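J.: First, the structure itself, so that you have it in front of you.
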Amino acid sequence: MDYKKLADLLYPDLKHDTDYYENLFPERNLEKGAEVLRMAPSPTGFVHLGNLYGALADERIAHQSKGVFYLRIEDTDEKRKVEGAVEAVIKCFDYFQIYFDEGAEHNPEGNYGPYYQRQRAEIYQTFAKKLISEGKAYPCFCSEEDLNKKREEQTSQNVTPGYWGKWATCRNLTIEEVEKHLANKDEFVIRLRSQGNSENKSTFHDEIKGDITVCENDQDVVLLKADGIPTYHFAHAIDDHLMHTTTVLRGEEWLSSLPIHLELFKVLGFKLPKFAHTTVLMKIDETGTKRKLSKRKDPELALDYYRQLGYHPYAVKLYLMTLLNWNFEQWFLGHPDSDLSEFKFEFKNMGQSGALFDLEKLNNISKTYLSKFSLEEMKNFLKPYVKEFYPERYDMYFGDEEFLDKVLSLGMGMNLKKRRKDYIFAKQILESIDLYYNYEKVDEFTHDESTVKSILEEFVKTYDYNDDNNTWFEKLKVIANNNGFAAEMSDYKANPEGYKGAISDVAEIIRIAVTGHKNSPDLWAIMQILGKDESIRRIQSI
RNA sequence: GGCCAAUUGGUGAAACGGUUAACACAUUGCCCUCUCAAGGCAACAUUCACGGGUUCGAAUCCCGUAUUGGUCACCA
């Protein structure tokens, strides 16, 4: 069979040959040991936690080795394309401060583009043509029905389904037959003529998983689809070669198609990059079973979920780092003031099995991170959030910054030796400071109405805005005594029967009256912030 | 179903033939305290999915079983 002739028949007018592209995209000029990694999302418009998880690993490995991290858009599937998805991806990574050195819209000036696979169609076709001319690939005219029929037959005979061995009927097409199909304008795909045997096994070293055994590929997989656009497998081999990726980092769902990729690199004569397959993120179901996070059921999977709640991007990254490398957390404990980029990230410290996503832990990390913020940092964090999600409240908060400063300092415990850790994410912070702006009685009094009334009346009568915290509290004790409550907790504990309640109950009544809540930071301080008139007004509204 | 991988407490996990099985989150108790938060001090796996084996010695090595996950497209 004259393969050269076949190749020319199929692709008569490609402008270049493979050498042209090899020369166009020469070896990158980088320091020894520099790693080149890529983030290669398909533009479905949905960015999830797993994407960030991988991107963070990509970014760290690339940048800590003084290498390159680029963005490539895998838009080979027309059906899954969503308008504006690429912008959404970039916006999302921007929010989490993951920056690309080159690729797609972000920095189209890179020298290895285009970074959209659809725009690279001719490149793939050129390499496919070369394979055809070497007899390593061939056109296949089988229709969907043909393939389904084969599959049925295979399952009934209990053999591995797919296009392989004797089932690969188009392998043996003669030039004349191909010409006839072409003249007929029949659609065709290009398939790999696989040389492998699935009985042959070998061990392969994965940067994360370690040594794994892989079988040889024996499937004549599709390289180019009927529309001339490559499948993932082919595009991956060509792009990662031409863009000089040194480490392919991707989810472990790709592990099972690794044999295909190994054969492709071999057949194309490409140097094999390193591979690193990350584990999937899991969660515990209501039913108690561990399962993969799913797009439909788990809103917390979408990165936008965290942006909308106003989680600090850095805190989310810190959390992801603890999942990514087990020793990160301990390192961070020892270097609380260092940036996470100073940590040495290593594949060997990544987990082997699927990590459970733990919201509690995220919250904890977020709290301790925010508890180190200065007042300025806190305001700078809240500002853009309020602007985007509560624009109507912007003036309320930032119109009187002096007031906001007082509110936030108290909430953050700026005056304490150990700061408070109440604040987790922006939305929750706004909710917790709402009591200064809107009065709403949420909790109920636990004592009867007449007791409440008499305590509140006496409190209003004796309240002096200029009292310091101690004086204020001494007055509270007097009120307690007058109403049959124990002024000292120790007295109450010694003889709970002898009192209506303790000083804490008196404070609670006033707290509910003033803040609407049973729990709050220091009551005296809150009243200082609210001012005399507002405090009294709230109490008298009861 | 075939193939590949994983399995240590409620969770993330360390350990690479010999330790009281780290550490962190969560939980519980006590202390501090006008509430909450924070903080302090404790407690929390006689046991590493199960069953065999190798060994003076196994969470660690070997063999089975079970369970979980991934994958078997002209989707990525």
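Ligands are numbered from 1 in the order shown, chains are lettered A, B, ... in the order of the structure tokens, and residues start at 1 in each chain.
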Could you produce a table of the residues of chain B lying within 8 Å of chain A, with the nearest pair of atoms per residue and their separation in Å rounded to one decimal, using only C-alpha atoms (C1' of nucleotides), ordered by chain and increasing residue number, as JSON lines?

T.:
{"residue": "B:G2", "atom": "C1'", "partner": "A:Thr160", "partner_atom": "CA", "distance": 7.2}
{"residue": "B:C4", "atom": "C1'", "partner": "A:Ser256", "partner_atom": "CA", "distance": 6.5}
{"residue": "B:A6", "atom": "C1'", "partner": "A:Ser353", "partner_atom": "CA", "distance": 5.7}
{"residue": "B:U11", "atom": "C1'", "partner": "A:Asp358", "partner_atom": "CA", "distance": 6.8}
{"residue": "B:G12", "atom": "C1'", "partner": "A:Leu323", "partner_atom": "CA", "distance": 6.9}
{"residue": "B:A13", "atom": "C1'", "partner": "A:Trp326", "partner_atom": "CA", "distance": 6.8}
{"residue": "B:C23", "atom": "C1'", "partner": "A:Gln330", "partner_atom": "CA", "distance": 7.1}
{"residue": "B:A24", "atom": "C1'", "partner": "A:Glu329", "partner_atom": "CA", "distance": 7.2}
{"residue": "B:C25", "atom": "C1'", "partner": "A:Lys361", "partner_atom": "CA", "distance": 5.3}
{"residue": "B:A26", "atom": "C1'", "partner": "A:Glu360", "partner_atom": "CA", "distance": 7.5}
{"residue": "B:C34", "atom": "C1'", "partner": "A:Ser504", "partner_atom": "CA", "distance": 4.5}
{"residue": "B:U35", "atom": "C1'", "partner": "A:Asn519", "partner_atom": "CA", "distance": 5.1}
{"residue": "B:C36", "atom": "C1'", "partner": "A:Asn519", "partner_atom": "CA", "distance": 4.6}
{"residue": "B:A37", "atom": "C1'", "partner": "A:Arg420", "partner_atom": "CA", "distance": 5.7}
{"residue": "B:A38", "atom": "C1'", "partner": "A:Arg420", "partner_atom": "CA", "distance": 5.1}
{"residue": "B:G39", "atom": "C1'", "partner": "A:Lys418", "partner_atom": "CA", "distance": 7.2}
{"residue": "B:U68", "atom": "C1'", "partner": "A:Lys290", "partner_atom": "CA", "distance": 7.8}
{"residue": "B:G69", "atom": "C1'", "partner": "A:Gly354", "partner_atom": "CA", "distance": 7.9}
{"residue": "B:G70", "atom": "C1'", "partner": "A:Glu253", "partner_atom": "CA", "distance": 5.4}
{"residue": "B:U71", "atom": "C1'", "partner": "A:Ser256", "partner_atom": "CA", "distance": 5.5}
{"residue": "B:C72", "atom": "C1'", "partner": "A:Pro161", "partner_atom": "CA", "distance": 7.9}
{"residue": "B:C74", "atom": "C1'", "partner": "A:Lys225", "partner_atom": "CA", "distance": 4.7}
{"residue": "B:C75", "atom": "C1'", "partner": "A:Asp77", "partner_atom": "CA", "distance": 7.0}
{"residue": "B:A76", "atom": "C1'", "partner": "A:Tyr232", "partner_atom": "CA", "distance": 6.4}

J.: Stretch 53-56 of chain A: which residues within 9 Å, counting only C-alpha atoms (C1' of nucleotides), same-chain residues fewer than 3 positions away excluded, as a PyMOL selection string?

T.: chain A and resi 38-39+48-50+59-61+93+98+249-251+278+281+317+320-321+323-324

J.: Selected residues, C-alpha atoms, written as a short mmCIF file (atom, residue, chain, number, x, y, z; two decimals), in the first residue's frame, please.

T.:
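Generated file (result_2.cif):
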data_model
loop_
_atom_site.label_atom_id
_atom_site.label_comp_id
_atom_site.auth_asym_id
_atom_site.auth_seq_id
_atom_site.Cartn_x
_atom_site.Cartn_y
_atom_site.Cartn_z
CA ARG A 38 -0.33 24.04 31.85
CA MET A 39 -3.87 24.44 32.89
CA HIS A 48 -14.80 24.02 40.22
CA LEU A 49 -12.69 23.46 43.25
CA GLY A 50 -10.83 20.64 41.55
CA GLU A 59 1.35 27.17 39.36
CA ARG A 60 3.50 26.28 42.34
CA ILE A 61 5.59 23.69 40.52
CA PHE A 93 -8.50 32.50 38.54
CA ILE A 98 -3.52 32.50 40.03
CA LEU A 249 -0.54 17.47 35.65
CA ARG A 250 -4.15 16.38 35.39
CA GLY A 251 -6.90 14.53 37.23
CA THR A 278 -3.97 14.14 41.06
CA LEU A 281 -11.92 15.69 45.68
CA LYS A 317 -5.68 28.75 48.70
CA LEU A 320 -6.22 23.83 49.25
CA MET A 321 -2.53 23.80 50.04
CA LEU A 323 -4.96 19.23 51.00
CA LEU A 324 -2.31 19.34 48.33
#

J.: For A:Phe69, list every protein, DNA or RNA residue within 9 Å, evaluated using only C-alpha atoms (C1' of nucleotides), and leave out those in the same chain fewer than 2 positions away; present the list as a list in words.

T.: Glu35, Val36, Leu37, Arg38, Met39, Asp58, Glu59, Arg60, Ile61, Ala62, His63, Gly67, Leu71, Tyr99, Phe100, Asp101, Glu102 and Gly103 of chain A

J.: Stretch 200-445 of chain A: which residues are helix (DSSP H, G or I) by DSSP, as a ChimeraX atom specification?

T.: /A:232-242,252-268,299-301,303-309,313-324,328-334,340-342,347-349,359-370,375-389,391-398,401-412,426-436

J.: Give me the residues within 12 Å of B:C48 as a list in words, counting only C-alpha atoms (C1' of nucleotides) and dropping any in the same chain fewer than 6 places off.

T.: U7, U8, G9, A15, A21, A58, A59 and U60 of chain B

J.: Write out, as a PDB file, in the first residue's frame, the residues just selected, with C-alpha atoms (C1' of nucleotides).

T.:
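Written file, part06.pdb:
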ATOM      1  C1'   U B   7      -8.104   1.386  52.112  1.00  0.00           C
ATOM      2  C1'   U B   8      -4.676   4.287  59.290  1.00  0.00           C
ATOM      3  C1'   G B   9      -9.768   7.924  64.487  1.00  0.00           C
ATOM      4  C1'   A B  15       4.931   6.654  59.694  1.00  0.00           C
ATOM      5  C1'   A B  21       0.596   5.260  65.928  1.00  0.00           C
ATOM      6  C1'   A B  58       4.287  -6.153  60.534  1.00  0.00           C
ATOM      7  C1'   A B  59       0.118  -0.362  59.962  1.00  0.00           C
ATOM      8  C1'   U B  60       4.610  -1.141  57.127  1.00  0.00           C
TER       9        U B  60
END

J.: Could you jot down the atom CA of A:Lys4 to atom CA of A:Ser133 separation for me, Å, one decimal place?

T.: 4.3 Å

J.: Out of stretch 358-515 of chain A, which residues get strand (DSSP E or B) from DSSP, as a list in words?

T.: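 Selection result, strand (DSSP E or B) within stretch 358-515 of chain A: Phe485, Ala486, Gly501 and Ala502 of chain A.
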